[in-house]
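A.B. asks: My structure file protein.pdb, PDB, C-alpha atoms, is below:
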ATOM      1  CA  MET A  30     114.996 106.652 119.775
ATOM      2  CA  THR A  31     111.765 106.933 117.808
ATOM      3  CA  SER A  32     108.558 106.497 119.790
ATOM      4  CA  THR A  33     105.995 104.306 118.068
ATOM      5  CA  PRO A  34     102.860 102.521 119.256
ATOM      6  CA  PHE A  35     103.613  99.489 117.068
ATOM      7  CA  GLY A  36     107.154  98.645 118.101
ATOM      8  CA  ARG A  37     110.102  98.868 115.760
ATOM      9  CA  THR A  38     111.124  95.247 115.231
ATOM     10  CA  VAL A  39     107.764  93.740 114.407
ATOM     11  CA  THR A  40     107.004  90.248 113.153
ATOM     12  CA  ALA A  41     103.860  89.548 111.143
ATOM     13  CA  MET A  42     103.011  86.389 113.046
ATOM     14  CA  VAL A  43     101.776  83.123 111.568
ATOM     15  CA  THR A  44      98.677  81.546 113.105
ATOM     16  CA  PRO A  45      99.567  78.088 114.465
ATOM     17  CA  MET A  46      97.072  75.375 113.585
ATOM     18  CA  ARG A  47      96.696  71.705 114.353
ATOM     19  CA  GLU A  48      96.828  68.996 111.726
ATOM     20  CA  ASP A  49      93.028  69.012 111.536
ATOM     21  CA  GLY A  50      93.030  72.738 110.707
ATOM     22  CA  ALA A  51      91.797  73.967 114.089
ATOM     23  CA  LEU A  52      93.518  76.861 115.804
ATOM     24  CA  ASP A  53      96.344  75.924 118.144
ATOM     25  CA  LEU A  54      95.950  78.621 120.801
ATOM     26  CA  ASP A  55      98.566  77.066 123.088
ATOM     27  CA  GLY A  56     100.964  77.113 120.163
ATOM     28  CA  THR A  57      99.965  80.697 119.434
ATOM     29  CA  GLN A  58     100.969  81.727 122.931
ATOM     30  CA  ARG A  59     104.250  79.790 122.762
ATOM     31  CA  LEU A  60     105.071  81.416 119.435
ATOM     32  CA  ALA A  61     104.230  84.906 120.690
ATOM     33  CA  ALA A  62     106.456  84.379 123.737
ATOM     34  CA  TYR A  63     109.262  83.041 121.541
ATOM     35  CA  LEU A  64     109.103  86.101 119.305
ATOM     36  CA  ALA A  65     109.035  88.445 122.290
ATOM     37  CA  ASP A  66     112.093  86.636 123.674
ATOM     38  CA  HIS A  67     113.943  87.004 120.369
ATOM     39  CA  GLY A  68     114.146  90.715 119.678
ATOM     40  CA  ASN A  69     110.601  91.656 118.724
ATOM     41  CA  ASP A  70     108.981  94.614 120.478
ATOM     42  CA  GLY A  71     105.860  94.356 118.322
ATOM     43  CA  LEU A  72     103.705  91.685 116.712
ATOM     44  CA  VAL A  73     101.138  91.898 113.937
ATOM     45  CA  VAL A  74      98.417  89.299 114.494
ATOM     46  CA  ASN A  75      95.772  88.224 111.963
ATOM     47  CA  GLY A  76      97.608  89.765 109.041
ATOM     48  CA  THR A  77      98.256  88.180 105.669
ATOM     49  CA  THR A  78     100.999  85.993 107.139
ATOM     50  CA  GLY A  79      98.488  84.923 109.784
ATOM     51  CA  GLU A  80      96.269  83.539 106.987
ATOM     52  CA  SER A  81      93.591  86.143 107.660
ATOM     53  CA  ALA A  82      91.925  85.303 104.356
ATOM     54  CA  THR A  83      90.850  81.924 105.774
ATOM     55  CA  THR A  84      90.273  82.621 109.469
ATOM     56  CA  THR A  85      86.902  83.611 110.889
ATOM     57  CA  ASP A  86      86.064  86.715 112.899
ATOM     58  CA  GLU A  87      85.627  84.545 115.989
ATOM     59  CA  GLU A  88      89.006  82.898 115.446
ATOM     60  CA  ASN A  89      90.658  86.288 115.009
ATOM     61  CA  VAL A  90      89.284  87.412 118.363
ATOM     62  CA  ALA A  91      90.543  84.226 120.005
ATOM     63  CA  VAL A  92      94.034  84.655 118.542
ATOM     64  CA  VAL A  93      94.377  88.297 119.576
ATOM     65  CA  ARG A  94      93.092  87.488 123.056
ATOM     66  CA  ALA A  95      95.632  84.653 123.368
ATOM     67  CA  VAL A  96      98.544  86.807 122.209
ATOM     68  CA  VAL A  97      97.594  89.690 124.513
ATOM     69  CA  GLU A  98      97.372  87.281 127.448
ATOM     70  CA  ALA A  99     100.773  85.802 126.598
ATOM     71  CA  VAL A 100     102.856  88.901 125.811
ATOM     72  CA  GLY A 101     100.665  91.986 125.890
ATOM     73  CA  ASP A 102     102.714  93.462 128.708
ATOM     74  CA  ARG A 103     105.962  92.968 126.741
ATOM     75  CA  VAL A 104     105.221  93.893 123.130
ATOM     76  CA  ALA A 105     102.789  96.025 121.154
ATOM     77  CA  VAL A 106     100.046  93.876 119.634
ATOM     78  CA  THR A 107      98.734  95.176 116.317
ATOM     79  CA  ALA A 108      95.646  93.427 114.969
ATOM     80  CA  GLY A 109      94.984  93.056 111.271
ATOM     81  CA  VAL A 110      91.445  94.294 110.626
ATOM     82  CA  GLY A 111      91.480  95.060 106.917
ATOM     83  CA  THR A 112      89.001  93.520 104.501
ATOM     84  CA  ASN A 113      87.397  94.736 101.287
ATOM     85  CA  ASP A 114      84.157  95.473 103.167
ATOM     86  CA  THR A 115      84.340  98.675 105.203
ATOM     87  CA  ALA A 116      81.510  97.770 107.595
ATOM     88  CA  HIS A 117      83.112  94.353 108.216
ATOM     89  CA  SER A 118      86.469  95.978 108.917
ATOM     90  CA  CYS A 119      84.877  98.395 111.391
ATOM     91  CA  ARG A 120      83.251  95.518 113.282
ATOM     92  CA  ALA A 121      86.529  93.612 113.314
ATOM     93  CA  ALA A 122      88.402  96.623 114.664
ATOM     94  CA  GLU A 123      85.883  97.062 117.456
ATOM     95  CA  ALA A 124      85.998  93.389 118.405
ATOM     96  CA  LEU A 125      89.793  93.161 118.443
ATOM     97  CA  ALA A 126      90.181  96.408 120.360
ATOM     98  CA  ALA A 127      87.825  94.966 122.964
ATOM     99  CA  VAL A 128      90.172  92.033 123.648
ATOM    100  CA  GLY A 129      93.249  94.177 124.071
ATOM    101  CA  ALA A 130      94.809  95.036 120.711
ATOM    102  CA  ASP A 131      97.083  98.062 121.021
ATOM    103  CA  ALA A 132      96.789  99.131 117.385
ATOM    104  CA  VAL A 133      95.292  98.085 114.059
ATOM    105  CA  LEU A 134      96.684  97.302 110.620
ATOM    106  CA  ILE A 135      94.373  98.202 107.725
ATOM    107  CA  VAL A 136      95.118  96.923 104.243
ATOM    108  CA  THR A 137      93.948  98.695 101.108
ATOM    109  CA  PRO A 138      90.635  97.068 100.095
ATOM    110  CA  TYR A 139      91.336  94.286  97.629
ATOM    111  CA  TYR A 140      89.519  92.849  94.603
ATOM    112  CA  ASN A 141      86.810  95.538  94.333
ATOM    113  CA  LYS A 142      89.447  98.115  93.224
ATOM    114  CA  PRO A 143      88.008 101.247  94.881
ATOM    115  CA  THR A 144      88.844 104.758  93.781
ATOM    116  CA  GLN A 145      91.500 106.629  95.699
ATOM    117  CA  ALA A 146      88.782 108.785  97.278
ATOM    118  CA  GLY A 147      86.959 105.629  98.350
ATOM    119  CA  ILE A 148      90.149 104.272  99.885
ATOM    120  CA  VAL A 149      90.537 107.394 102.011
ATOM    121  CA  GLU A 150      86.975 107.103 103.290
ATOM    122  CA  HIS A 151      87.451 103.385 103.988
ATOM    123  CA  PHE A 152      90.475 104.104 106.157
ATOM    124  CA  ARG A 153      88.731 107.007 107.854
ATOM    125  CA  ALA A 154      85.771 104.806 108.806
ATOM    126  CA  VAL A 155      87.848 101.900 110.107
ATOM    127  CA  VAL A 156      90.163 104.155 112.094
ATOM    128  CA  GLY A 157      87.135 105.892 113.542
ATOM    129  CA  ALA A 158      85.677 102.617 114.790
ATOM    130  CA  THR A 159      88.159 102.415 117.675
ATOM    131  CA  GLY A 160      90.437 105.421 117.896
ATOM    132  CA  LEU A 161      93.437 103.069 118.230
ATOM    133  CA  PRO A 162      96.662 103.955 116.432
ATOM    134  CA  ALA A 163      96.426 102.642 112.876
ATOM    135  CA  MET A 164      98.928 101.546 110.241
ATOM    136  CA  ALA A 165      97.984 101.619 106.555
ATOM    137  CA  TYR A 166      99.230  98.635 104.582
ATOM    138  CA  ASP A 167     100.190  99.418 100.977
ATOM    139  CA  ILE A 168     100.724  96.170  99.060
ATOM    140  CA  PRO A 169      99.392  96.505  95.501
ATOM    141  CA  GLY A 170     100.775  93.107  94.503
ATOM    142  CA  ARG A 171      98.074  91.531  96.665
ATOM    143  CA  THR A 172      95.312  94.154  96.611
ATOM    144  CA  GLY A 173      95.432  95.260  92.986
ATOM    145  CA  THR A 174      95.363  98.940  94.027
ATOM    146  CA  ALA A 175      98.313 101.033  95.201
ATOM    147  CA  LEU A 176      98.015 103.969  97.557
ATOM    148  CA  ALA A 177      98.763 107.052  95.471
ATOM    149  CA  SER A 178     101.046 109.653  97.034
ATOM    150  CA  ASP A 179      98.209 112.178  97.277
ATOM    151  CA  THR A 180      96.084 109.523  98.974
ATOM    152  CA  ILE A 181      98.808 108.951 101.565
ATOM    153  CA  ARG A 182      98.971 112.715 102.110
ATOM    154  CA  SER A 183      95.227 112.638 102.788
ATOM    155  CA  LEU A 184      95.562 109.681 105.135
ATOM    156  CA  ALA A 185      98.215 111.601 107.068
ATOM    157  CA  GLN A 186      95.493 114.103 108.024
ATOM    158  CA  ILE A 187      93.593 111.405 109.957
ATOM    159  CA  PRO A 188      94.937 111.854 113.507
ATOM    160  CA  GLU A 189      94.985 108.184 114.505
ATOM    161  CA  LEU A 190      96.468 106.971 111.216
ATOM    162  CA  VAL A 191     100.098 107.345 112.111
ATOM    163  CA  ALA A 192     102.041 104.803 110.043
ATOM    164  CA  VAL A 193     102.451 103.097 106.684
ATOM    165  CA  LYS A 194     103.620  99.557 106.089
ATOM    166  CA  ASP A 195     105.176  99.809 102.635
ATOM    167  CA  ALA A 196     105.301  96.721 100.439
ATOM    168  CA  LYS A 197     105.048  98.769  97.254
ATOM    169  CA  GLY A 198     108.742  99.501  97.155
ATOM    170  CA  ASP A 199     108.823 102.969  95.577
ATOM    171  CA  LEU A 200     111.720 104.207  97.669
ATOM    172  CA  PHE A 201     111.916 107.666  96.136
ATOM    173  CA  ALA A 202     108.198 108.455  96.402
ATOM    174  CA  ALA A 203     108.181 107.232  99.984
ATOM    175  CA  SER A 204     111.211 109.311 100.901
ATOM    176  CA  ARG A 205     109.318 112.409  99.740
ATOM    177  CA  LEU A 206     106.297 111.423 101.820
ATOM    178  CA  MET A 207     108.424 110.779 104.888
ATOM    179  CA  HIS A 208     109.795 114.302 104.485
ATOM    180  CA  GLU A 209     106.390 115.919 103.853
ATOM    181  CA  THR A 210     104.337 114.135 106.541
ATOM    182  CA  ASP A 211     104.820 112.919 110.085
ATOM    183  CA  LEU A 212     103.832 109.362 109.167
ATOM    184  CA  LEU A 213     105.953 106.576 110.617
ATOM    185  CA  TRP A 214     107.266 104.393 107.798
ATOM    186  CA  TYR A 215     107.779 100.634 108.057
ATOM    187  CA  SER A 216     109.412  98.244 105.650
ATOM    188  CA  GLY A 217     106.845  95.678 104.564
ATOM    189  CA  ASP A 218     109.287  93.683 102.441
ATOM    190  CA  ASP A 219     112.182  91.846 104.076
ATOM    191  CA  VAL A 220     114.268  92.140 100.922
ATOM    192  CA  LEU A 221     114.296  95.933 101.378
ATOM    193  CA  ASN A 222     114.544  96.230 105.160
ATOM    194  CA  LEU A 223     117.969  97.849 105.178
ATOM    195  CA  PRO A 224     117.270 100.341 102.338
ATOM    196  CA  TRP A 225     114.044 101.401 104.068
ATOM    197  CA  LEU A 226     115.793 101.929 107.397
ATOM    198  CA  ALA A 227     118.590 103.869 105.708
ATOM    199  CA  LEU A 228     116.005 106.214 104.147
ATOM    200  CA  GLY A 229     114.341 106.922 107.470
ATOM    201  CA  ALA A 230     111.845 104.131 108.119
ATOM    202  CA  VAL A 231     111.359 103.631 111.853
ATOM    203  CA  GLY A 232     111.120  99.872 111.712
ATOM    204  CA  VAL A 233     110.227  96.668 109.932
ATOM    205  CA  VAL A 234     107.114  94.503 109.788
ATOM    206  CA  SER A 235     108.807  91.270 108.914
ATOM    207  CA  VAL A 236     108.111  87.664 108.030
ATOM    208  CA  VAL A 237     111.775  86.696 108.368
ATOM    209  CA  GLY A 238     111.552  88.140 111.887
ATOM    210  CA  HIS A 239     110.214  84.732 112.910
ATOM    211  CA  VAL A 240     113.801  83.492 112.681
ATOM    212  CA  ALA A 241     115.798  86.738 112.829
ATOM    213  CA  GLY A 242     114.063  89.056 115.271
ATOM    214  CA  SER A 243     117.184  89.652 117.346
ATOM    215  CA  GLN A 244     119.241  90.361 114.235
ATOM    216  CA  TYR A 245     116.682  92.852 112.944
ATOM    217  CA  ALA A 246     116.545  94.564 116.335
ATOM    218  CA  GLU A 247     120.313  94.930 116.134
ATOM    219  CA  MET A 248     120.035  96.268 112.580
ATOM    220  CA  VAL A 249     117.514  98.913 113.669
ATOM    221  CA  ALA A 250     119.796  99.927 116.537
ATOM    222  CA  ALA A 251     122.824 100.063 114.231
ATOM    223  CA  VAL A 252     121.055 102.400 111.803
ATOM    224  CA  ASP A 253     119.933 104.565 114.726
ATOM    225  CA  ARG A 254     123.519 105.140 115.787
ATOM    226  CA  GLY A 255     124.715 105.659 112.206
ATOM    227  CA  ASP A 256     126.638 102.388 111.989
ATOM    228  CA  LEU A 257     125.680 101.399 108.458
ATOM    229  CA  GLN A 258     128.649  99.060 108.187
ATOM    230  CA  ARG A 259     127.244  96.896 110.991
ATOM    231  CA  ALA A 260     123.745  97.124 109.524
ATOM    232  CA  ARG A 261     125.095  95.915 106.162
ATOM    233  CA  GLU A 262     126.899  93.037 107.855
ATOM    234  CA  ILE A 263     123.639  91.894 109.435
ATOM    235  CA  HIS A 264     121.779  92.237 106.136
ATOM    236  CA  THR A 265     124.427  90.250 104.288
ATOM    237  CA  THR A 266     124.427  87.494 106.891
ATOM    238  CA  LEU A 267     120.644  87.161 106.612
ATOM    239  CA  ILE A 268     120.521  86.980 102.797
ATOM    240  CA  PRO A 269     120.290  83.145 102.718
ATOM    241  CA  ALA A 270     117.470  83.135 105.273
ATOM    242  CA  ILE A 271     115.602  85.911 103.455
ATOM    243  CA  GLU A 272     115.992  84.070 100.176
ATOM    244  CA  ALA A 273     114.765  80.814 101.697
ATOM    245  CA  VAL A 274     111.750  82.250 103.513
ATOM    246  CA  MET A 275     110.584  84.855 101.021
ATOM    247  CA  ASN A 276     111.625  83.616  97.587
ATOM    248  CA  THR A 277     111.165  79.843  97.698
ATOM    249  CA  THR A 278     107.397  79.544  97.733
ATOM    250  CA  GLN A 279     105.192  81.752  99.981
ATOM    251  CA  GLY A 280     106.068  83.587 103.175
ATOM    252  CA  ALA A 281     103.433  82.204 105.527
ATOM    253  CA  ILE A 282     104.157  78.655 104.353
ATOM    254  CA  MET A 283     107.888  78.991 104.916
ATOM    255  CA  ALA A 284     107.579  80.867 108.222
ATOM    256  CA  LYS A 285     105.395  78.084 109.610
ATOM    257  CA  ALA A 286     107.852  75.502 108.349
ATOM    258  CA  ALA A 287     110.713  77.386 110.004
ATOM    259  CA  MET A 288     108.916  77.606 113.329
ATOM    260  CA  ARG A 289     108.204  73.887 113.237
ATOM    261  CA  MET A 290     111.811  73.216 112.248
ATOM    262  CA  LEU A 291     112.980  75.198 115.277
ATOM    263  CA  GLY A 292     110.562  73.339 117.544
ATOM    264  CA  VAL A 293     108.443  76.379 118.398
ATOM    265  CA  ILE A 294     105.157  75.053 116.968
ATOM    266  CA  GLU A 295     103.994  71.478 116.510
ATOM    267  CA  SER A 296     102.532  71.673 113.009
ATOM    268  CA  ASP A 297     103.106  73.651 109.829
ATOM    269  CA  PHE A 298      99.526  73.039 108.647
ATOM    270  CA  CYS A 299      98.169  75.775 106.374
ATOM    271  CA  ARG A 300      94.577  76.173 105.288
ATOM    272  CA  LEU A 301      93.759  75.773 101.635
ATOM    273  CA  PRO A 302      94.510  77.227  99.186
ATOM    274  CA  LEU A 303      97.893  77.243 100.954
ATOM    275  CA  LEU A 304      99.743  73.959 101.352
ATOM    276  CA  PRO A 305     102.565  73.104 103.765
ATOM    277  CA  ALA A 306     106.077  73.340 102.378
ATOM    278  CA  ALA A 307     107.118  70.527 100.065
ATOM    279  CA  PRO A 308     110.123  68.372 101.097
ATOM    280  CA  GLU A 309     112.415  70.048  98.561
ATOM    281  CA  HIS A 310     111.419  73.457  99.929
ATOM    282  CA  LEU A 311     112.168  72.293 103.465
ATOM    283  CA  ASP A 312     115.660  71.365 102.280
ATOM    284  CA  ILE A 313     116.143  74.865 100.855
ATOM    285  CA  LEU A 314     114.817  76.401 104.078
ATOM    286  CA  ARG A 315     117.059  74.306 106.312
ATOM    287  CA  GLU A 316     120.121  75.236 104.272
ATOM    288  CA  GLY A 317     119.229  78.937 104.169
ATOM    289  CA  LEU A 318     118.694  79.101 107.923
ATOM    290  CA  ARG A 319     121.922  77.209 108.503
ATOM    291  CA  ARG A 320     123.937  79.553 106.283
ATOM    292  CA  SER A 321     122.496  82.573 108.109
ATOM    293  CA  GLY A 322     123.334  81.051 111.478
ATOM    294  CA  VAL A 323     119.788  80.807 112.766
ATOM    295  CA  LEU A 324     119.558  77.005 112.748
TER     296      LEU A 324
END
Would you kindly transcribe this structure into structure tokens?
C.D. replies:
Amino acid sequence: MTSTPFGRTVTAMVTPMREDGALDLDGTQRLAAYLADHGNDGLVVNGTTGESATTTDEENVAVVRAVVEAVGDRVAVTAGVGTNDTAHSCRAAEALAAVGADAVLIVTPYYNKPTQAGIVEHFRAVVGATGLPAMAYDIPGRTGTALASDTIRSLAQIPELVAVKDAKGDLFAASRLMHETDLLWYSGDDVLNLPWLALGAVGVVSVVGHVAGSQYAEMVAAVDRGDLQRAREIHTTLIPAIEAVMNTTQGAIMAKAAMRMLGVIESDFCRLPLLPAAPEHLDILREGLRRSGVL
């Protein structure tokens, strides 16, 4: 079994909120416990799916503290600390480490489109703020800038930067990097979870894990023992749920709707510019979860 400080079946957790938009910290703890009870050995908190673009630094601290209190002895808690301001990211990393985060997730700086050399120095600075294990998040569809292969090779020389969450989807380039470096690779796209695992990824950082954590844990275990037939069966069973959560509207919206549908959280409120799922999308979600056997 691969040893990793992040866990192997990891859900990028939504941030429960009340109908007035305030944090629901009780709901956050219930959700974290639910995910820990359903196959997840890691959680990413305050990531994109946690609506980090519209939560404050103080709220992020409160959420990480709540999750650590609820399940920190059962799962690895990785805190999203990435912004497009290096100094801000360093302060965030320090603050979230102080309340018990086990690791940090750092996204490529977005909007300002830094050079590849600037990206390396950004990661180096943020990693250096705490010394916690760090995962680089490569998602050019959101950030506007992909991590080049040579940049990832440079990042692999930073001792505490030990993993990549890949939502870029270049399977061949990543397979070369997995061979050339000792970086731990994670699928960052539920559609490609099985292909990533088959190529050597150690785990998944999933949105669909809200509803399929146990199934993904079984998939990881099946690939470990070389049982690709079983892994394919799990993947095929989950196709309707993946389609409903990831391809209907937006992942955070649908994950919140699913958790409310399953009675885990009380509200599916999202902060603008996100809106809760429309009734027709809830119908699609309910049917997809039903067909995958998770509702």
A.B. asks: Can you list, as number ranges by chain, every protein, DNA or RNA residue that comes within 9 Å of Thr40 of chain A when you count all atoms listed in the file, leaving out same-chain residues fewer than 4 positions away?
C.D. replies: A: 64, 69-74, 233-239, 242
A.B. asks: Kindly export the residues of the current selection with C-alpha atoms, as a PDB file, in the frame of the given file.
C.D. replies:
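As a result, out_12.pdb now contains:
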ATOM      1  CA  LEU A  64     109.103  86.101 119.305  1.00  0.00           C
ATOM      2  CA  ASN A  69     110.601  91.656 118.724  1.00  0.00           C
ATOM      3  CA  ASP A  70     108.981  94.614 120.478  1.00  0.00           C
ATOM      4  CA  GLY A  71     105.860  94.356 118.322  1.00  0.00           C
ATOM      5  CA  LEU A  72     103.705  91.685 116.712  1.00  0.00           C
ATOM      6  CA  VAL A  73     101.138  91.898 113.937  1.00  0.00           C
ATOM      7  CA  VAL A  74      98.417  89.299 114.494  1.00  0.00           C
ATOM      8  CA  VAL A 233     110.227  96.668 109.932  1.00  0.00           C
ATOM      9  CA  VAL A 234     107.114  94.503 109.788  1.00  0.00           C
ATOM     10  CA  SER A 235     108.807  91.270 108.914  1.00  0.00           C
ATOM     11  CA  VAL A 236     108.111  87.664 108.030  1.00  0.00           C
ATOM     12  CA  VAL A 237     111.775  86.696 108.368  1.00  0.00           C
ATOM     13  CA  GLY A 238     111.552  88.140 111.887  1.00  0.00           C
ATOM     14  CA  HIS A 239     110.214  84.732 112.910  1.00  0.00           C
ATOM     15  CA  GLY A 242     114.063  89.056 115.271  1.00  0.00           C
TER      16      GLY A 242
END
A.B. asks: From the set A:Arg259, A:Glu88, A:Ala51, A:Phe35, which residue has the shortest atom-to-atom contact distance to Met164 of chain A, counting all atoms listed in the file?
C.D. replies: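 Ranked by minimum distance to Met164 of chain A, first place goes to A:Phe35.
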A.B. asks: Expand the PyMOL selection byres ((chain A and resi 59-63) around 7) into the explicit residue set it covers here, and present it as an NGL selection string.
C.D. replies: :A and (55-58 or 64-67 or 96 or 99-100 or 293-294)
A.B. asks: Taking (94.9, 76.2, 112.9) in the file's coordinates, which residues come within 12 Å, counting all atoms listed in the file, written as a PyMOL selection string?
C.D. replies: chain A and resi 43-57+79-81+83-85+88-89+91-92+285+294-301
A.B. asks: Mind listing whatever residues come within 10 Å of the point (86.3, 97.1, 112.6)? Use all atoms listed in the file, file coordinates, and give them as a PyMOL selection string.
C.D. replies: chain A and resi 109-112+114-126+133+135+154-159
A.B. asks: Let me know the residues the PyMOL selection byres ((chain A and resi 216) around 9) catches in the file above, as a list in words.
C.D. replies: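 Applied to this file, the PyMOL selection byres ((chain A and resi 216) around 9) selects Val193, Lys194, Asp195, Ala196, Gly198, Trp214, Tyr215, Gly217, Asp218, Asp219, Leu221, Asn222, Leu223, Pro224, Trp225, Leu226, Ala230, Val231, Gly232, Val233, Val234 and Ser235 of chain A.
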A.B. asks: Using the chain letters and numbers from this file, what does the PyMOL selection byres ((chain A and resi 320) around 9) select? Give the answer as a list in words.
C.D. replies: Thr266, Leu267, Ile268, Pro269, Ala270, Arg315, Glu316, Gly317, Leu318, Arg319, Ser321, Gly322, Val323 and Leu324 of chain A
A.B. asks: Kindly export the residues of the current selection with C-alpha atoms, as a PDB file, in the frame of the given file.
C.D. replies:
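Final file, part12.pdb:
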ATOM      1  CA  THR A 266     124.427  87.494 106.891  1.00  0.00           C
ATOM      2  CA  LEU A 267     120.644  87.161 106.612  1.00  0.00           C
ATOM      3  CA  ILE A 268     120.521  86.980 102.797  1.00  0.00           C
ATOM      4  CA  PRO A 269     120.290  83.145 102.718  1.00  0.00           C
ATOM      5  CA  ALA A 270     117.470  83.135 105.273  1.00  0.00           C
ATOM      6  CA  ARG A 315     117.059  74.306 106.312  1.00  0.00           C
ATOM      7  CA  GLU A 316     120.121  75.236 104.272  1.00  0.00           C
ATOM      8  CA  GLY A 317     119.229  78.937 104.169  1.00  0.00           C
ATOM      9  CA  LEU A 318     118.694  79.101 107.923  1.00  0.00           C
ATOM     10  CA  ARG A 319     121.922  77.209 108.503  1.00  0.00           C
ATOM     11  CA  SER A 321     122.496  82.573 108.109  1.00  0.00           C
ATOM     12  CA  GLY A 322     123.334  81.051 111.478  1.00  0.00           C
ATOM     13  CA  VAL A 323     119.788  80.807 112.766  1.00  0.00           C
ATOM     14  CA  LEU A 324     119.558  77.005 112.748  1.00  0.00           C
TER      15      LEU A 324
END
A.B. asks: Build an axis-aligned box that encloses every atom of segment 127-131 of chain A listed in the file, pad it by 6 Å on each side, and report its centre and edge lengths in Å to one decimal, as JSON.
C.D. replies:
{"center_x": 92.5, "center_y": 95.0, "center_z": 122.4, "size_x": 21.3, "size_y": 18.0, "size_z": 15.4}
A.B. asks: Record the distance separating atom CA of Val106 of chain A and atom CA of Gly129 of chain A, expressed in Å with one decimal.
C.D. replies: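 Those two atoms sit 8.1 Å apart.
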A.B. asks: Calculated over all atoms listed in the file, which of the candidates A:Gly255, A:Thr278, A:Gln244, A:Arg289 has the smallest distance to Ala227 of chain A?
C.D. replies: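 Smallest separation from Ala227 of chain A among the options: A:Gly255.
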A.B. asks: Counting all atoms listed in the file, which of A:Glu150, A:Ala246, A:Glu262, A:Ile313 gets nearest to Asn276 of chain A?
C.D. replies: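 Smallest separation from Asn276 of chain A among the options: A:Ile313.
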A.B. asks: Can you tell me how far atom CA of Ala287 of chain A sits from atom CA of His264 of chain A, in Å to one decimal?
C.D. replies: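 Spanning atom CA of Ala287 of chain A to atom CA of His264 of chain A is a straight-line distance of 18.9 Å.
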A.B. asks: From the list A:Val128, A:Leu212, A:Val93, A:Ala202, which residue is nearest Gly76 of chain A when using all atoms listed in the file?
C.D. replies: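 Selected residue with least distance to Gly76 of chain A: A:Val93.
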A.B. asks: Rank A:Ala251, A:Ala175, A:Ile181, A:Val240 by their smallest atom-to-atom distance to Ala41 of chain A, using only C-alpha atoms, and report the top residue only.
C.D. replies: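 Counting only C-alpha atoms, the residue closest to Ala41 of chain A is A:Val240.
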A.B. asks: Using all atoms listed in the file for the distances, tell me which of A:Thr77, A:Gly160, A:Ala130, A:Met248 is nearest to Thr172 of chain A.
C.D. replies: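 So, comparing all the options, the nearest one is A:Thr77.
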A.B. asks: When you draw a straight line from atom CA of Arg182 of chain A to atom CA of Thr137 of chain A, how long is it in Å?
C.D. replies: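 Atom-to-atom, atom CA of Arg182 of chain A and atom CA of Thr137 of chain A are spaced 14.9 Å apart.
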